[in-house]
Amino acid sequence: MSIAIFPRILISVCIIAALVLCLYFLFYKRNVNKALSEEDHRPMPSPGNMAGSVWLILLVILMLAFMVKLNAVKTELSNMNQQYSQQISNLQTQIESIYDNVDKHLKKESSLVTKYEIAYGPFHEEDKTADILFTVVPKTITDDMELSILYGNDTIALKRTASSAFQGTLRAGIFNDYTHNAVLTIKNSTEQKNEELEDTEIGFLWSSYLPSLNGYLDNYRFSSSKENGHLKGDIVLDLLQNNETSYRFVENSIFIVTEIGGKIVDQENIPFSSFSQRGDPFYRNVKINYDKTFPMGPNDVWDIYITAEDTAGYLHKSRLYRQESDSGASIQIEGSEQIYDQAGKLLYSAEKES
């Protein structure tokens, strides 16, 4: 409904009001004539009172029409505002897309290489390493050029293949941190140039080869008396086994461990059969009710963590919860997986407290 139609409604109402008044006066005149001819002395209704009633009814109708139209105008303005907001959002998205495309084009034009690739090789258990194969195709190739890649704290030289590509294999520690992009260096007899190879950060390689186990305590409640502590909640465990390797958790090696004051007071084994699949065939999940009471001194700390051993011989440990009895402070811990070797040496830790 357009805003311009409102004057038409007002004119239509006025015309109807005029017609009603004309009909009323004609009716009133006819009744007067009839009364005079028949000498009917019954009181006739006052035209002034009837006219006032008619006008009141018409004003009410007009007010209702105005309210309906006002609501329509409000709705129309709201729709227009939403349309303009959506158009502005679409325009901003298009502008950002244009900037991204221009940026990518400029980087491509200024890049030293035509293309580059990164691929992962086998895992070497004996020295906790895995192969990373880099393939680089420079835009310009000369006989005296040398290529190398700095990745983390490791540097490897690239050798030219039969084609125009240069390749090199890095024997990377799976527990080393590769959260930064690799840096390519091209040098010849006259100059040296460096370029960061985007999207080559891989974090920690172990997650590409070994299984992972994490969890958290949900809906928990802790209470304590003079001698005991009581903790109730739901422990949720997430198990991920990489689909490209054969390394898995050892059967019956997953335990929920409870410590009080640094001493293990309870270990509950969680069999594989209790885990259920969640879409991805290599991702499994289980929820376990935790309701336990243990003696707890005033300075003791209640810790809950999970442990599991994988088929490569590494021990995985993830803390879930910590409760201090004296201060009453509780710490819920997520994403806390730690990995140890068979000698108990910590190789990796990603503990986060909240």
# chains A, B, ... in the order shown; residues from 1 in each chain; ligands from 1
$ residues_around --residues "segment 299-313 of chain A" --least-positions-apart "3" --cutoff "7 Å" --atoms "only C-alpha atoms" --output "list in words"
Tyr247, Arg248, Phe249, Val250, Ser253, Ile254, Phe255, Ile256, Val257, Thr258, Glu259, Ile260, Gly261, Met296, His316, Lys317, Ser318, Arg319, Leu320, Tyr321, Arg322, Gln323, Glu324, Ser325, Asp326 and Gln342 of chain A
$ write_last_selection --atoms "C-alpha atoms" --output "short mmCIF file (atom, residue, chain, number, x, y, z; two decimals), in the first residue's frame"
data_model
loop_
_atom_site.label_atom_id
_atom_site.label_comp_id
_atom_site.auth_asym_id
_atom_site.auth_seq_id
_atom_site.Cartn_x
_atom_site.Cartn_y
_atom_site.Cartn_z
CA TYR A 247 47.39 -45.58 14.95
CA ARG A 248 44.57 -46.08 17.44
CA PHE A 249 44.07 -46.11 21.18
CA VAL A 250 44.88 -49.43 22.84
CA SER A 253 43.34 -48.14 27.94
CA ILE A 254 40.95 -45.21 28.49
CA PHE A 255 40.44 -44.29 32.15
CA ILE A 256 38.74 -41.50 34.09
CA VAL A 257 41.09 -40.82 37.01
CA THR A 258 40.22 -38.98 40.23
CA GLU A 259 42.93 -37.55 42.47
CA ILE A 260 42.45 -36.06 45.94
CA GLY A 261 45.40 -34.22 47.40
CA MET A 296 38.81 -34.44 51.53
CA HIS A 316 47.58 -39.10 26.32
CA LYS A 317 46.32 -37.17 29.34
CA SER A 318 43.62 -34.51 29.49
CA ARG A 319 42.64 -32.71 32.67
CA LEU A 320 38.89 -32.03 32.99
CA TYR A 321 38.32 -30.38 36.35
CA ARG A 322 40.02 -29.07 39.51
CA GLN A 323 38.32 -28.19 42.80
CA GLU A 324 40.08 -26.53 45.75
CA SER A 325 38.39 -27.36 49.03
CA ASP A 326 39.77 -24.47 51.11
CA GLN A 342 56.96 -44.12 27.73
#
$ atom_distance --atom1 "atom CA of Phe294 of chain A" --atom2 "atom CA of Ser225 of chain A"
10.6 Å
$ select_by_dssp --residues "segment 33-261 of chain A" --states "strand (DSSP E)" --output "PyMOL selection string"
chain A and resi 113-124+129-138+146-151+154-160+166-173+177-178+182-187+192-197+203-204+212-224+228-240+255-260
$ closest_residue --among "A:Pro211, A:Pro122, A:Pro138, A:Pro281" --to "Leu158 of chain A" --atoms "only C-alpha atoms"
A:Pro138
$ select_by_dssp --residues "segment 191-353 of chain A" --states "helix (DSSP H, G or I)" --output "number ranges by chain"
A: 205-208, 272-274
$ atom_distance --atom1 "atom CA of Ala182 of chain A" --atom2 "atom CA of Leu150 of chain A"
5.8 Å
$ closest_atom_pairs --of "segment 173-251 of chain A" --to "segment 109-116 of chain A" --cutoff "10 Å" --atoms "only C-alpha atoms" --output "tab-separated table"
residue	atom	partner	partner_atom	distance
A:Leu184	CA	A:Leu112	CA	9.1
A:Thr185	CA	A:Leu112	CA	9.5
A:Ile186	CA	A:Leu112	CA	8.3
A:Lys193	CA	A:Leu112	CA	8.3
A:Asn194	CA	A:Leu112	CA	8.4
A:Glu195	CA	A:Leu112	CA	7.2
A:Glu196	CA	A:Ser111	CA	9.4
A:Leu197	CA	A:Tyr116	CA	8.0
A:Glu198	CA	A:Tyr116	CA	9.7
A:Thr200	CA	A:Tyr116	CA	9.8
$ write_last_selection --atoms "N, CA and C atoms" --output "PDB file, in the first residue's frame"
ATOM      1  N   LEU A 184      60.177 -19.032   1.810  1.00  0.00           N
ATOM      2  CA  LEU A 184      61.002 -19.456   0.684  1.00  0.00           C
ATOM      3  C   LEU A 184      62.098 -18.418   0.423  1.00  0.00           C
ATOM      4  N   THR A 185      63.315 -18.892   0.201  1.00  0.00           N
ATOM      5  CA  THR A 185      64.437 -18.018  -0.162  1.00  0.00           C
ATOM      6  C   THR A 185      64.963 -18.441  -1.532  1.00  0.00           C
ATOM      7  N   ILE A 186      65.046 -17.470  -2.435  1.00  0.00           N
ATOM      8  CA  ILE A 186      65.618 -17.694  -3.770  1.00  0.00           C
ATOM      9  C   ILE A 186      66.815 -16.758  -3.919  1.00  0.00           C
ATOM     10  N   LYS A 193      66.080 -13.130  -2.571  1.00  0.00           N
ATOM     11  CA  LYS A 193      64.706 -12.695  -2.308  1.00  0.00           C
ATOM     12  C   LYS A 193      64.002 -13.730  -1.434  1.00  0.00           C
ATOM     13  N   ASN A 194      63.133 -13.224  -0.562  1.00  0.00           N
ATOM     14  CA  ASN A 194      62.354 -14.085   0.338  1.00  0.00           C
ATOM     15  C   ASN A 194      60.859 -13.892   0.089  1.00  0.00           C
ATOM     16  N   GLU A 195      60.098 -14.943   0.299  1.00  0.00           N
ATOM     17  CA  GLU A 195      58.637 -14.860   0.180  1.00  0.00           C
ATOM     18  C   GLU A 195      57.990 -15.835   1.146  1.00  0.00           C
ATOM     19  N   GLU A 196      56.978 -15.355   1.861  1.00  0.00           N
ATOM     20  CA  GLU A 196      56.215 -16.220   2.761  1.00  0.00           C
ATOM     21  C   GLU A 196      55.173 -16.984   1.960  1.00  0.00           C
ATOM     22  N   LEU A 197      55.171 -18.284   2.114  1.00  0.00           N
ATOM     23  CA  LEU A 197      54.219 -19.134   1.393  1.00  0.00           C
ATOM     24  C   LEU A 197      52.946 -19.258   2.226  1.00  0.00           C
ATOM     25  N   GLU A 198      51.899 -18.629   1.756  1.00  0.00           N
ATOM     26  CA  GLU A 198      50.653 -18.575   2.520  1.00  0.00           C
ATOM     27  C   GLU A 198      49.998 -19.958   2.635  1.00  0.00           C
ATOM     28  N   THR A 200      50.545 -22.413   4.643  1.00  0.00           N
ATOM     29  CA  THR A 200      51.409 -23.585   4.868  1.00  0.00           C
ATOM     30  C   THR A 200      51.585 -23.865   6.355  1.00  0.00           C
TER      31      THR A 200
END
$ atom_distance --atom1 "atom CA of Lys104 of chain A" --atom2 "atom CA of Asn90 of chain A"
20.8 Å
